[in-house]
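Q: Could you have a look at this structure, given as structure tokens, before my questions?
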Number of protein chains: 2
Amino acid sequence: MGTLKRILVGRPLASTQAGEQKLTRWKGLALLSSDALSSTAYGTEQIILALYLVSAAAFWHSLEIAAVVVVLLIALTASYRQIIHAYPHGGGAYVVTSENMGRTWGLVAAGSLLIDYMLTVAVSVSAGAEAITSAIPSLYGHEAAIACALIVVLAIVNLRGARESASVLVTPVFFFIAMMAVMIVAGLVQIITGQVPFNATSAIGTAVPGVTIFVLLRAFSSGSTSLTGVEAISNAVPSFKAPSARNAAATLTIMAVILGVFFAGVTFINYWYGIIPEHEVTLLSQIAAAVFGGNTTILFYLFQLATALILAVAANTGFSAFPQLSYNLARDKYMPHMFLARGDRLGYSNGILTLAAGAIVLIVVFHGIEVLIGQWSSQDTGGLTSLLIPLYAIGVFVPFTLAQASMVLRWKRLGETRWWLKAIPNAVGALISVAVVLVMIGLRFPSIWPYFLIMPVVVLFFRAIHRHYEAVRNQLRLPEDCAPTHYNGNTVVVLVSNVTRVDVRAVDYARSIGDEVRAFHVVIDGDGKAEEEIRDEFDATFPDIPLTIVRSQFRSIVAPALRHIDDVATEERARNRTVTVLVPQFITAKPWQQILHNQTSLRLRYLLNQRDRLVVATYTYRLND
Amino acid sequence: MGTLKRILVGRPLASTQAGEQKLTRWKGLALLSSDALSSTAYGTEQIILALYLVSAAAFWHSLEIAAVVVVLLIALTASYRQIIHAYPHGGGAYVVTSENMGRTWGLVAAGSLLIDYMLTVAVSVSAGAEAITSAIPSLYGHEAAIACALIVVLAIVNLRGARESASVLVTPVFFFIAMMAVMIVAGLVQIITGQVPFNATSAIGTAVPGVTIFVLLRAFSSGSTSLTGVEAISNAVPSFKAPSARNAAATLTIMAVILGVFFAGVTFINYWYGIIPEHEVTLLSQIAAAVFGGNTTILFYLFQLATALILAVAANTGFSAFPQLSYNLARDKYMPHMFLARGDRLGYSNGILTLAAGAIVLIVVFHGIEVLIGQWSSQDTGGLTSLLIPLYAIGVFVPFTLAQASMVLRWKRLGETRWWLKAIPNAVGALISVAVVLVMIGLRFPSIWPYFLIMPVVVLFFRAIHRHYEAVRNQLRLPEDCAPTHYNGNTVVVLVSNVTRVDVRAVDYARSIGDEVRAFHVVIDGDGKAEEEIRDEFDATFPDIPLTIVRSQFRSIVAPALRHIDDVATEERARNRTVTVLVPQFITAKPWQQILHNQTSLRLRYLLNQRDRLVVATYTYRLND
């Protein structure tokens with residue numbers, strides 16, 4: 001067990017080895033943009049699938065929708081640049097909202113984000129797994145297993161320490177940026193040089209029966225998932241090199257430009273090429289196959305590899321954000337203390353493990369749902385990703401809304417002249433975000449209702465934990481006058497089994513700690529012979545120690561022993577004496593042998609440990625053979 | 001948990017409520033013959049399936065084989081009547097063999113029987129499940145699940161106390177005897193009155209190509225499984241009314257006659273009617289359908305019900321025999337002590353649970369094997385029962401052989417004049433039994449090899465357990481001169497977390513048991529501020545108690561704490577003082593809250609409990625909220 005852990009996680013690091021490496025703009029871009037950039041792997045597909053429910057002829061609307069998404073991106077970018085400058089110490093939605101809208105809304109934002117990071121991981125590895133099976137069709141059908149395996153690998157990498165791998169993560173991001181750029185440029189060149197004729201399913205402006213405002217809103221809300229991850233940089237401002245706020249804001253702008261170009265480019269090429277979504281491969285891989293001249297070309301494989309890699313790296317964003325946020329919540333006593341502890345490699349191990357477990361549960365549950373839907377209807381679910389994405393989106397846009405509304409309130413509170421001017425980008429961002437949330441509630445409720453079930457539970461949990469920690473603090477606080485209690489003495493009650501070497505040693509020990517030693521023995525109700533035997537033998541060995549024999553009517557040692565001990569404790573406490581229960585036990589030389597002995601003492605000690613102000617002591621005797 | 005147990009198992013019974021109800025011949029027949037009689041549910045089928053591997057024309061040989069099986073039955077009955085008289089206190093194969101052939105062979109017999117009782121349960125409930133699915137075809141394919149459910153029900157009934165259900169068990173046995181008698185008589189009447197023409201697959205004496213001596217021996221060894229369970233009465237002689245040996249012997253004779261008639265009758269009717277085994281229904285249910293005029297008649301359903309019930313009851317034989325045998329082995333220190341303990345309802349709960357678990361494992365494993373065979377080949381496995389039966393048979397016939405060979409040795413040892421005359425039935429029984437064993441080894445090794453893998457392991461386990469218990473006894477025995485050790489005093493080492501109410505109380509307690517109290521605190525390596533704070537606060541509260549601050553480089557509390565405690569222990573022992581480690585802990589008001597607190601102390605206490613002669617004491621403080 002220990003060895004396995006060493007191999008997987010590595011040797012423990014001393015606390016003094018902690019320390020931070022500050023990020024340049026480019027390294028920051030690589031580390032913090034993978035979540036957002038990887039969204040282009042599925043953003044366009046979500047729009048197209050929503051339109052395809054009406055007809056392939058409706059695809060030209062994807063251009064309109066993409067334009068609105070880009071507007072939203074610009075507003076969000078402007079808004080988050082302000083957050084970066086306003087909260088240079090890290091302005092996650094939890095901090096910003098708690099400060100401006102109160103703790104409850106802050107906890108809603110935090111709870112949304114925690115669940116969302118699990119979804120980030122689940123969605124990214126699922127999409128990564130789908131990229132893999134699109135390239136290697138023989139793996140089709142095993143997406144869920146591949147996704148879970150990827151999560152395990154990511155968890156191990158992060159338990160080893162993300163810092164080590166930071167430089168490793170840079171490569172996939174730039175590789176993806178490069179491949180995506182090559183693909184878009186190649187596609188556009190082919191279009192401009194006329195190598196690819198205009199092949200769209202319908203011309204722009206074609207009236208398509210069935211396309212209602214609801215269809216378009218639904219498609220827009222699906223497409224807005226391309227913007228998930230935009231907030232990542234604002235959480236990490238302190239990690240940037242000085243001047244950190246300026247560097248972070250610049251990085252955010254660079255990222256937004258790349259994201260906007262990629263998203264718009266993919267959507268346009270998809271429209272021009274007239275690609276129809278297929279069941280077993282992702283839309284992006286169809287586009288790449290079309291541009292690179294088939295799905296067996298080397299460029300196509302490189303492109304798929306880049307997509308799979310960036311999705312894996314995007315999942316990694318969750319692995320740095322979730323433990324950090326749960327640390328912040330634990331510090332504020334809204335989550336268990338255990339999320340404060342650093343593991344062997346200085347990562348917040350409990351956060352990493354919780355995230356991995358949650359993401360695996362999500363994948364297993366949604367894979368189950370996918371299989372069930374597949375069995376009961378012939379409807380195409382669009383794979384695991386499409387099932388997870390609506391939940392992911394609502395979980396992102398709620399904190400988006402809260403954080404930006406908070407910024408508006410903040411500007412107002414600070415009350416500078418013309419504060420409303422500064423509040424404009426935040427207000428626009430908040431309004432479009434809340435619009436996405438409302439559209440999703442109105443049109444996609446069947447996919448997102450679990451969010452409204454889980455969130456109140458999560459917030460109630462945060463509150464209950466907080467209440468408990470406060471109560472403990474009050475109970476443990478020393479009173480003003482803290483005079484020590486002087487006891488009249490200590491009575492030791494020894495549970496003897498038979499008169500063996502262990503019992504003799506235990507009684508000798510008991511004499512050294514108590515001015516009064518008593519023994520007791522539990523006999524199973526019988527003919528009384530066993531009772532007499534033990535008494536004779538005990539009295540011969542310990543003439544000075546009183547032995548009480550407790551009879552057990554129901555063959556249980558534990559219940560009568562507890563009754564006897566409670567009686568003694570009451571009596572001795574009345575005499576202002578402390579009581580120690582001494583349970584002798586032996587430890588076998590080999591672990592398997594322990595099963596050959598009664599486990600009664602374990603249960604007895606567990607139950608005694610539930611009793612207030614009682615001291616349970618174990619006298620251990622090791623056997624040699 | 002406790003409530004569920006009460007509902008399922010019932011209220012605990014006092015030990016004084018034990019006591020035995022002695023068996024009359026008829027009650028004894030009902031309670032102890034179900035295993036043997038139920039074998040007629042599958043005995044003929046096993047012969048027919050073995051012959052069917054050659055051709056349906058070979059079925060007439062089943063009459064020959066049945067004749068040899070009946071001869072074996074007579075020899076075994078005579079032999080076991082002798083065992084009953086020779087071991088009136090219960091002559092299981094374990095006792096008889098241990099006494100006459102030495103402990104090792106006795107353990108082989110015991111091990112075989114233990115595994116065999118698991119197989120009895122597995123085979124009986126599987127056959128019962130097959131009887132159910134033969135009557136209700138829509139359940140076909142769920143035999144394994146039904147069988148496991150039956151085991152769980154049987155385990156609960158037996159945990160409640162088999163005595164209560166003893167009278168309930170009488171009904172199915174006589175119901176089965178009645179239905180079987182009706183079926184055989186009806187079949188014979190139809191044959192005699194000529195209502196059913198001679199429809200056999202071939203006339204007696206027809207030469208069938210492919211029928212070799214090996215085919216016949218194999219069919220014989222399969223058919224001899226009808227005799228499993230014959231030994232049950234000999235194990236239970238003391239349960240009979242006086243004169244117990246005579247009553248038991250008479251019961252055995254009655255049972256053998258019924259068994260012989262049923263087995264011969266079923267085999268003959270099957271031959272005359274010319275029934276060919278089918279895949280989804282048992283042979284016996286085909287016979288019953290033919291005799292009763294179709295598988296929708298009320299008589300057919302009653303017959304199937306009777307078969308299913310007696311198979312369930314037969315499984316129950318295992319539930320009385322296994323716990324008794326494991327009790328005997330535990331008493332002789334060859335099995336863990338836990339098999340000696342009586343449960344709430346006076347049954348040997350651990351034996352019952354072990355048996356149920358073992359039988360379920362067998363069914364799951366063999367169901368898996370069945371499914372695999374079904375996937376890889378089109379070969380008909382004959383269902384779960386047919387896969388389990390060869391193992392079951394070898395496990396029965398090995399102790400049969402040993403017990404009877406032991407009886408021969410016993411007669412020789414007693415050395416009466418003409419002892420060999422008395423030894424004749426035992427010798428015949430032993431020879432036919434050993435023949436069955438040899439035939440099975442020679443012809444069915446691919447089905448029974450696990451027996452030869454498991455048996456040595458089981459016997460080695462028995463031996464290892466015995467060796468351990470003996471070693472413990474020697475180590476715990478008091479030396480001749482047992483002078484008490486006088487210590488110079490006791491040092492208490494208190495692990496303090498912060499200076500809270502719990503710590504203050506713990507130190508007060510420590511003062512009452514130790515003439516020297518020391519405290520220590522583990523700090524996670526940091527800037528030293530925490531260290532200074534705790535020291536100041538502690539010194540202000542306990543000016544007279546020395547505090548050691550232990551630094552932890554790797555953020556673990558446990559390892560540095562252990563090192564410190566070991567150092568103190570070594571030092572104090574050199575001064576002839578005892579050492580108590582006091583770990584204060586608080587118990588939360590609600591169990592779920594416990595997870596909000598560090599579990600470090602649990603792990604620390606566990607590791608300290610592994611150390612020799614160290615006393616670990618827990619000071620418990622209950623929180624109110």
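Chains: A, B, ... in order of the structure tokens. Residues: from 1 per chain. Ligands: from 1, in order shown.
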Would you pick out the contacts of Gly260 (chain B) at 8 Å or less, using only C-alpha atoms, so that residues sharing its chain but fewer than 3 positions from it are not included, and give the list as a PyMOL selection string?
A: chain B and resi 70+73+256-257+263-264
Q: Hey, what does DSSP flag as alpha helix (DSSP H) within region 59-206 of chain B? Can you give it to me as a ChimeraX atom specification?
A: /B:61-86,93-101,103-135,143-160,162-192
Q: Can you write just those residues out, C-alpha atoms, as a short mmCIF file (atom, residue, chain, number, x, y, z; two decimals), in the first residue's frame?
A:
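Ended up saving to selection.cif:
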data_model
loop_
_atom_site.label_atom_id
_atom_site.label_comp_id
_atom_site.auth_asym_id
_atom_site.auth_seq_id
_atom_site.Cartn_x
_atom_site.Cartn_y
_atom_site.Cartn_z
CA HIS B 61 -28.08 -48.81 -19.60
CA SER B 62 -29.57 -46.48 -16.97
CA LEU B 63 -31.40 -49.50 -15.59
CA GLU B 64 -28.12 -51.41 -15.13
CA ILE B 65 -26.47 -48.42 -13.53
CA ALA B 66 -29.42 -47.84 -11.20
CA ALA B 67 -29.08 -51.43 -10.04
CA VAL B 68 -25.44 -50.90 -9.07
CA VAL B 69 -26.34 -47.65 -7.30
CA VAL B 70 -28.95 -49.51 -5.28
CA VAL B 71 -26.34 -52.12 -4.30
CA LEU B 72 -24.08 -49.30 -3.13
CA LEU B 73 -26.99 -47.84 -1.19
CA ILE B 74 -27.53 -51.14 0.61
CA ALA B 75 -23.85 -51.43 1.50
CA LEU B 76 -23.69 -47.84 2.73
CA THR B 77 -26.81 -48.26 4.81
CA ALA B 78 -25.48 -51.39 6.47
CA SER B 79 -22.18 -49.68 7.07
CA TYR B 80 -23.70 -46.53 8.56
CA ARG B 81 -25.97 -48.60 10.80
CA GLN B 82 -22.78 -49.96 12.30
CA ILE B 83 -21.30 -46.50 12.68
CA ILE B 84 -24.46 -45.44 14.51
CA HIS B 85 -24.08 -48.24 16.99
CA ALA B 86 -20.35 -47.74 17.39
CA ALA B 93 -16.69 -38.76 9.40
CA TYR B 94 -14.44 -36.26 11.23
CA VAL B 95 -14.75 -38.04 14.57
CA VAL B 96 -14.63 -41.60 13.18
CA THR B 97 -11.68 -40.92 10.90
CA SER B 98 -9.69 -38.88 13.43
CA GLU B 99 -10.03 -41.65 15.97
CA ASN B 100 -9.07 -44.53 13.70
CA MET B 101 -6.89 -43.12 10.94
CA ARG B 103 -5.80 -36.46 12.80
CA THR B 104 -4.65 -35.63 9.26
CA TRP B 105 -7.17 -37.92 7.58
CA GLY B 106 -9.78 -36.68 10.02
CA LEU B 107 -9.07 -33.14 8.90
CA VAL B 108 -9.30 -34.22 5.25
CA ALA B 109 -12.73 -35.68 6.00
CA ALA B 110 -13.76 -32.56 7.90
CA GLY B 111 -12.51 -30.20 5.20
CA SER B 112 -14.29 -32.21 2.51
CA LEU B 113 -17.50 -32.11 4.47
CA LEU B 114 -17.31 -28.36 5.16
CA ILE B 115 -16.87 -27.61 1.47
CA ASP B 116 -19.48 -30.22 0.74
CA TYR B 117 -22.08 -28.60 2.92
CA MET B 118 -21.53 -25.40 0.97
CA LEU B 119 -22.02 -27.43 -2.20
CA THR B 120 -25.11 -29.12 -0.71
CA VAL B 121 -26.60 -25.70 -0.21
CA ALA B 122 -25.51 -24.44 -3.61
CA VAL B 123 -26.67 -27.57 -5.47
CA SER B 124 -29.97 -27.83 -3.61
CA VAL B 125 -30.99 -24.22 -4.09
CA SER B 126 -29.83 -24.28 -7.73
CA ALA B 127 -31.88 -27.43 -8.36
CA GLY B 128 -34.76 -25.79 -6.48
CA ALA B 129 -34.42 -22.69 -8.63
CA GLU B 130 -34.41 -24.91 -11.74
CA ALA B 131 -37.57 -26.65 -10.53
CA ILE B 132 -39.16 -23.21 -10.19
CA THR B 133 -38.10 -22.04 -13.65
CA SER B 134 -39.23 -25.34 -15.16
CA ALA B 135 -42.72 -24.57 -13.87
CA GLU B 143 -31.77 -19.31 -11.74
CA ALA B 144 -28.62 -17.91 -10.12
CA ALA B 145 -30.44 -14.90 -8.67
CA ILE B 146 -33.30 -17.06 -7.38
CA ALA B 147 -30.80 -19.48 -5.86
CA CYS B 148 -28.96 -16.67 -4.03
CA ALA B 149 -32.25 -15.26 -2.74
CA LEU B 150 -33.18 -18.70 -1.41
CA ILE B 151 -29.85 -18.91 0.42
CA VAL B 152 -30.44 -15.55 2.07
CA VAL B 153 -33.89 -16.65 3.22
CA LEU B 154 -32.49 -19.92 4.59
CA ALA B 155 -29.70 -18.08 6.41
CA ILE B 156 -32.23 -15.76 8.06
CA VAL B 157 -34.48 -18.66 9.06
CA ASN B 158 -31.50 -20.40 10.61
CA LEU B 159 -30.26 -17.28 12.38
CA ARG B 160 -33.71 -17.02 13.89
CA ALA B 162 -33.63 -23.77 13.40
CA ARG B 163 -35.45 -25.36 16.31
CA GLU B 164 -38.44 -23.15 15.80
CA SER B 165 -38.65 -24.10 12.19
CA ALA B 166 -38.07 -27.81 12.80
CA SER B 167 -41.76 -28.59 12.74
CA VAL B 168 -42.22 -26.41 9.69
CA LEU B 169 -39.66 -28.51 7.83
CA VAL B 170 -41.59 -31.72 8.40
CA THR B 171 -44.36 -30.77 5.99
CA PRO B 172 -42.28 -30.38 2.79
CA VAL B 173 -40.58 -33.74 3.32
CA PHE B 174 -43.79 -35.68 3.68
CA PHE B 175 -45.38 -33.62 0.94
CA PHE B 176 -42.50 -34.64 -1.36
CA ILE B 177 -42.70 -38.28 -0.30
CA ALA B 178 -46.42 -38.24 -1.00
CA MET B 179 -46.16 -36.53 -4.41
CA MET B 180 -43.28 -38.77 -5.49
CA ALA B 181 -45.21 -41.87 -4.43
CA VAL B 182 -48.29 -40.67 -6.30
CA MET B 183 -46.20 -39.99 -9.39
CA ILE B 184 -44.45 -43.38 -9.36
CA VAL B 185 -47.63 -45.31 -8.67
CA ALA B 186 -49.53 -43.39 -11.35
CA GLY B 187 -46.73 -43.99 -13.82
CA LEU B 188 -46.54 -47.71 -13.09
CA VAL B 189 -50.34 -48.06 -13.26
CA GLN B 190 -50.37 -46.40 -16.65
CA ILE B 191 -47.64 -48.76 -17.81
CA ILE B 192 -49.32 -51.89 -16.44
#
Q: Give me the residues within 7 Å of region 322-330 of chain B as a PyMOL selection string, counting only C-alpha atoms and dropping any in the same chain fewer than 5 places off.
A: chain B and resi 114+117+335-337+339-340+348+351-352+355
Q: With N, CA and C atoms retained, write the just-selected residues as a PDB file, in the first residue's frame.
A:
ATOM      1  N   LEU B 114     -16.982 -29.795   5.069  1.00  0.00           N
ATOM      2  CA  LEU B 114     -17.311 -28.361   5.161  1.00  0.00           C
ATOM      3  C   LEU B 114     -17.589 -27.795   3.773  1.00  0.00           C
ATOM      4  N   TYR B 117     -20.829 -29.184   2.445  1.00  0.00           N
ATOM      5  CA  TYR B 117     -22.077 -28.595   2.920  1.00  0.00           C
ATOM      6  C   TYR B 117     -22.377 -27.316   2.152  1.00  0.00           C
ATOM      7  N   MET B 335     -10.356 -24.511  13.983  1.00  0.00           N
ATOM      8  CA  MET B 335     -11.011 -23.385  13.320  1.00  0.00           C
ATOM      9  C   MET B 335     -11.103 -22.224  14.308  1.00  0.00           C
ATOM     10  N   PRO B 336     -11.283 -20.990  13.800  1.00  0.00           N
ATOM     11  CA  PRO B 336     -11.296 -19.833  14.707  1.00  0.00           C
ATOM     12  C   PRO B 336     -12.337 -19.962  15.817  1.00  0.00           C
ATOM     13  N   HIS B 337     -11.985 -19.433  16.991  1.00  0.00           N
ATOM     14  CA  HIS B 337     -12.880 -19.433  18.147  1.00  0.00           C
ATOM     15  C   HIS B 337     -14.267 -18.917  17.842  1.00  0.00           C
ATOM     16  N   PHE B 339     -16.310 -19.531  15.810  1.00  0.00           N
ATOM     17  CA  PHE B 339     -17.323 -20.527  15.455  1.00  0.00           C
ATOM     18  C   PHE B 339     -17.881 -21.226  16.696  1.00  0.00           C
ATOM     19  N   LEU B 340     -17.328 -20.892  17.865  1.00  0.00           N
ATOM     20  CA  LEU B 340     -17.852 -21.456  19.113  1.00  0.00           C
ATOM     21  C   LEU B 340     -19.013 -20.624  19.657  1.00  0.00           C
ATOM     22  N   TYR B 348     -25.283 -21.090  15.925  1.00  0.00           N
ATOM     23  CA  TYR B 348     -23.884 -20.704  15.733  1.00  0.00           C
ATOM     24  C   TYR B 348     -23.821 -19.755  14.541  1.00  0.00           C
ATOM     25  N   GLY B 351     -21.030 -19.733  11.832  1.00  0.00           N
ATOM     26  CA  GLY B 351     -21.092 -20.882  10.933  1.00  0.00           C
ATOM     27  C   GLY B 351     -22.162 -20.679   9.875  1.00  0.00           C
ATOM     28  N   ILE B 352     -23.320 -20.202  10.311  1.00  0.00           N
ATOM     29  CA  ILE B 352     -24.430 -20.004   9.371  1.00  0.00           C
ATOM     30  C   ILE B 352     -24.055 -18.976   8.314  1.00  0.00           C
ATOM     31  N   LEU B 355     -21.331 -20.308   5.900  1.00  0.00           N
ATOM     32  CA  LEU B 355     -21.922 -21.252   4.949  1.00  0.00           C
ATOM     33  C   LEU B 355     -22.681 -20.510   3.854  1.00  0.00           C
TER      34      LEU B 355
END
Q: Distance table requested - chain A against chain B, cut-off 6 Å, only C-alpha atoms: one row per qualifying residue with the closest atom pair and its distance in Å to one decimal, ordered by chain and rising residue number, as JSON lines.
A:
{"residue": "A:Ala14", "atom": "CA", "partner": "B:Phe554", "partner_atom": "CA", "distance": 4.8}
{"residue": "A:Pro336", "atom": "CA", "partner": "B:Leu596", "partner_atom": "CA", "distance": 4.8}
{"residue": "A:Leu476", "atom": "CA", "partner": "B:Arg501", "partner_atom": "CA", "distance": 4.9}
{"residue": "A:Arg477", "atom": "CA", "partner": "B:Thr500", "partner_atom": "CA", "distance": 5.7}
{"residue": "A:Leu478", "atom": "CA", "partner": "B:Arg501", "partner_atom": "CA", "distance": 5.3}
{"residue": "A:Thr485", "atom": "CA", "partner": "B:Asp508", "partner_atom": "CA", "distance": 5.9}
{"residue": "A:Gly489", "atom": "CA", "partner": "B:Ser512", "partner_atom": "CA", "distance": 5.7}
{"residue": "A:Asn490", "atom": "CA", "partner": "B:Ser512", "partner_atom": "CA", "distance": 5.9}
{"residue": "A:Thr500", "atom": "CA", "partner": "B:Leu476", "partner_atom": "CA", "distance": 5.2}
{"residue": "A:Arg501", "atom": "CA", "partner": "B:Leu476", "partner_atom": "CA", "distance": 4.8}
{"residue": "A:Asp508", "atom": "CA", "partner": "B:Thr485", "partner_atom": "CA", "distance": 5.9}
{"residue": "A:Ser512", "atom": "CA", "partner": "B:Gly489", "partner_atom": "CA", "distance": 5.7}
{"residue": "A:Ile513", "atom": "CA", "partner": "B:Ile513", "partner_atom": "CA", "distance": 4.8}
{"residue": "A:Gly514", "atom": "CA", "partner": "B:Ile513", "partner_atom": "CA", "distance": 5.9}
{"residue": "A:Gln553", "atom": "CA", "partner": "B:Ala14", "partner_atom": "CA", "distance": 5.2}
{"residue": "A:Phe554", "atom": "CA", "partner": "B:Ala14", "partner_atom": "CA", "distance": 4.8}
{"residue": "A:Leu596", "atom": "CA", "partner": "B:Pro336", "partner_atom": "CA", "distance": 4.7}
{"residue": "A:Asp612", "atom": "CA", "partner": "B:Tyr621", "partner_atom": "CA", "distance": 5.2}
{"residue": "A:Arg613", "atom": "CA", "partner": "B:Thr620", "partner_atom": "CA", "distance": 5.2}
{"residue": "A:Val615", "atom": "CA", "partner": "B:Tyr619", "partner_atom": "CA", "distance": 4.8}
{"residue": "A:Val616", "atom": "CA", "partner": "B:Ala617", "partner_atom": "CA", "distance": 5.3}
{"residue": "A:Ala617", "atom": "CA", "partner": "B:Ala617", "partner_atom": "CA", "distance": 3.9}
{"residue": "A:Thr618", "atom": "CA", "partner": "B:Val615", "partner_atom": "CA", "distance": 5.4}
{"residue": "A:Tyr619", "atom": "CA", "partner": "B:Val615", "partner_atom": "CA", "distance": 4.9}
{"residue": "A:Thr620", "atom": "CA", "partner": "B:Arg613", "partner_atom": "CA", "distance": 5.3}
{"residue": "A:Tyr621", "atom": "CA", "partner": "B:Asp612", "partner_atom": "CA", "distance": 5.3}
{"residue": "A:Arg622", "atom": "CA", "partner": "B:Asp612", "partner_atom": "CA", "distance": 5.3}
Q: For region 22-31 of chain A, work out the shell of residues within 12 Å, counting only C-alpha atoms and skipping chain neighbours fewer than 5 positions away, then give it as a PyMOL selection string.
A: chain A and resi 36-38+162-163+165-177+229-230+232-259+310+313-321
Q: Kindly give the distance, in Å, that separates CA of Arg331 (chain B) and CA of Leu602 (chain A), rounded to a single decimal.
A: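 Between CA of Arg331 (chain B) and CA of Leu602 (chain A) the gap is 23.3 Å.
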